[in-house]
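**Q** Sharing a structure here in C-alpha cells format.
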Amino acid sequence: MADIVPTHRLTHEASLKMLAAGVAKANELGCKVSLAVVDQSCRLIAFLMMDGARHFSIITTQRKAITSASQRQPTGYAPEDNALSMTVRMGDFANVLGGFPITVAGEVIGAVAAGGASIEQDVMVAQAALAAIET
C-alpha cells in the first residue's frame with residue numbers, strides 16, 4: 001500500500017459557485033438562508049448569511065455541513081431516538097435535513113449545507129448549491 005495517495009479538494013472558486021447558486025435558489029423560493037461549505041476535514045471554507053436570515057441559522061448551517069462531511073452522508077439520517085445521544089457525544093452533530101456531502105470519484109471531499117428557512121427550502125437550496133459544481 002502506498003504511503004501517499006492522490007486526493008481531490010475543493011477550490012475557493014467552487015465554494016463561491018455553490019454560494020451563488022444557493023442564494024439564487026433561495027431568492028427564487030423567496031426565503032433567506034445561511035450557506036456553509038466545509039472541506040473533507042470539516043473546516044469551514046465558505047460561509048454566507050443572506051440579509052434577513054435568522055441569527056441561529058449561522059450555527060445550525062455550519063453544523064449541518066460538518067455533520068454531512070464527517071459522516072459522509074446527507075444530514076437527517078439518524079433515527080430520532082439516537083439523535084440526542086449523538087448530539088451530546090459529537091458536539092457539532094446536526095440531525096436536520098439540509099446538508100449534503102460533496103463526492104468526487106467516490107471520495108467525500110467536503111459538504112454544503114443551507115439553513116434558516118423551512119426544512120424543504122433548506123434542502124432545495126443546498127441541492128442547488130451542490131449542483132453548481134462539476135463532480
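Residue numbering restarts at 1 in every chain; chains get A, B, ... in the order shown in the C-alpha cells, and ligands count up from 1 in that same order.
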Do you know which residues are at most 12 Å from Ala131 in chain A counting only C-alpha atoms, after dropping those on the same chain fewer than 6 positions away, and could you put them as number ranges by chain?
**A** A: 14-15, 17-22, 25, 100-103, 112, 124-125
**Q** Skip range 52-57 of chain A itself and residues of its chain fewer than 5 positions away, then list as a ChimeraX atom specification all residues within 6 Å of it, counting only C-alpha atoms.
**A** /A:32-34,115-116
**Q** Just the selected residues (N, CA, C and O atoms), exported as a PDB file, in the first residue's frame, please.
**A**
ATOM      1  N   LYS A  32     -34.779  33.371   3.048  1.00  0.00           N
ATOM      2  CA  LYS A  32     -33.464  33.869   3.449  1.00  0.00           C
ATOM      3  C   LYS A  32     -32.755  32.770   4.221  1.00  0.00           C
ATOM      4  O   LYS A  32     -33.315  32.210   5.162  1.00  0.00           O
ATOM      5  N   VAL A  33     -31.536  32.441   3.803  1.00  0.00           N
ATOM      6  CA  VAL A  33     -30.805  31.340   4.419  1.00  0.00           C
ATOM      7  C   VAL A  33     -29.357  31.713   4.695  1.00  0.00           C
ATOM      8  O   VAL A  33     -28.861  32.722   4.204  1.00  0.00           O
ATOM      9  N   SER A  34     -28.721  30.848   5.447  1.00  0.00           N
ATOM     10  CA  SER A  34     -27.268  30.834   5.554  1.00  0.00           C
ATOM     11  C   SER A  34     -26.789  29.628   4.768  1.00  0.00           C
ATOM     12  O   SER A  34     -27.492  28.619   4.675  1.00  0.00           O
ATOM     13  N   GLY A 115     -29.468  26.564   5.752  1.00  0.00           N
ATOM     14  CA  GLY A 115     -30.322  26.582   6.932  1.00  0.00           C
ATOM     15  C   GLY A 115     -30.953  27.937   7.145  1.00  0.00           C
ATOM     16  O   GLY A 115     -30.457  28.954   6.663  1.00  0.00           O
ATOM     17  N   GLY A 116     -32.063  27.913   7.843  1.00  0.00           N
ATOM     18  CA  GLY A 116     -32.733  29.156   8.213  1.00  0.00           C
ATOM     19  C   GLY A 116     -34.108  29.321   7.622  1.00  0.00           C
ATOM     20  O   GLY A 116     -34.873  30.172   8.048  1.00  0.00           O
TER      21      GLY A 116
END
**Q** List the neighbours of Ala94 in chain A out to 8 Å using only C-alpha atoms; skip same-chain residues closer than 3 positions along the sequence, and give me the result as a compact mmCIF listing (two decimals) with N, CA, C and O atoms, in the first residue's frame.
**A**
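Below you can see result-v1.txt, which holds the result:
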# COMPACT_ATOMS: atom_id res chain seq x y z
N THR A 60 -26.53 26.43 13.09
CA THR A 60 -27.10 25.17 12.60
C THR A 60 -26.61 24.83 11.20
O THR A 60 -26.36 23.66 10.90
N ARG A 63 -23.15 23.40 11.42
CA ARG A 63 -23.20 22.05 11.99
C ARG A 63 -23.74 21.03 10.98
O ARG A 63 -23.29 19.89 10.96
N LYS A 64 -24.68 21.44 10.16
CA LYS A 64 -25.17 20.53 9.12
C LYS A 64 -24.03 20.16 8.16
O LYS A 64 -23.86 19.00 7.80
N THR A 67 -21.54 17.85 9.95
CA THR A 67 -22.10 16.51 10.11
C THR A 67 -22.08 15.74 8.79
O THR A 67 -21.68 14.58 8.74
N THR A 75 -27.43 14.95 5.88
CA THR A 75 -27.90 15.06 7.26
C THR A 75 -29.33 14.57 7.37
O THR A 75 -30.04 14.42 6.38
N GLY A 76 -29.75 14.32 8.61
CA GLY A 76 -31.09 13.85 8.87
C GLY A 76 -31.23 12.34 8.83
O GLY A 76 -32.32 11.80 8.85
N THR A 87 -25.84 13.91 19.40
CA THR A 87 -25.54 15.33 19.56
C THR A 87 -24.67 15.56 20.79
O THR A 87 -23.70 16.31 20.75
**Q** Contacts of Ala114 in chain A at 6 Å or less, counting only C-alpha atoms, minus same-chain residues fewer than 3 places along, as a PDB file with C-alpha atoms, in the first residue's frame?
**A**
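Listing of result_6.pdb after writing:
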ATOM      1  CA  SER A  34     -27.268  30.834   5.554  1.00  0.00           C
ATOM      2  CA  LEU A  35     -24.991  28.647   3.437  1.00  0.00           C
ATOM      3  CA  THR A  61     -25.969  25.549   8.991  1.00  0.00           C
ATOM      4  CA  GLY A  98     -30.221  20.354   4.531  1.00  0.00           C
ATOM      5  CA  ASP A 122     -33.159  24.330   3.077  1.00  0.00           C
ATOM      6  CA  ALA A 126     -28.463  23.079  -0.587  1.00  0.00           C
TER       7      ALA A 126
END
**Q** Name the residues in contact with Ile109 in chain A at a cut-off of 12 Å, using only C-alpha atoms, excluding same-chain residues fewer than 3 positions from it; report them as a PyMOL selection string.
**A** chain A and resi 7-11+14-15+37-43+45+65-66+68-73+100-106+112+135
**Q** I'd like to know which residues of chain A are strand (DSSP E) (by DSSP, run on the backbone); could you write them as number ranges by chain?
**A** A: 34-39, 44-49, 99-104, 107-115
**Q** Taking into account only C-alpha atoms, which residue in the set A:Met49, A:Asn95, A:Ala36, A:Ile59 is nearest to Gly110 in chain A?
**A**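 The closest residue to Gly110 in chain A is A:Ala36.
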**Q** Among range 17-133 of chain A, which ones does DSSP place in helix (DSSP H, G or I), written as an NGL selection string?
**A** :A and (17-29 or 57-71 or 80-90 or 119-131)
**Q** Expressed in Å to a single decimal, how great is the separation between CA of Ala2 in chain A and CA of Leu44 in chain A?
**A**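 Separation between CA of Ala2 in chain A and CA of Leu44 in chain A: 29.0 Å.
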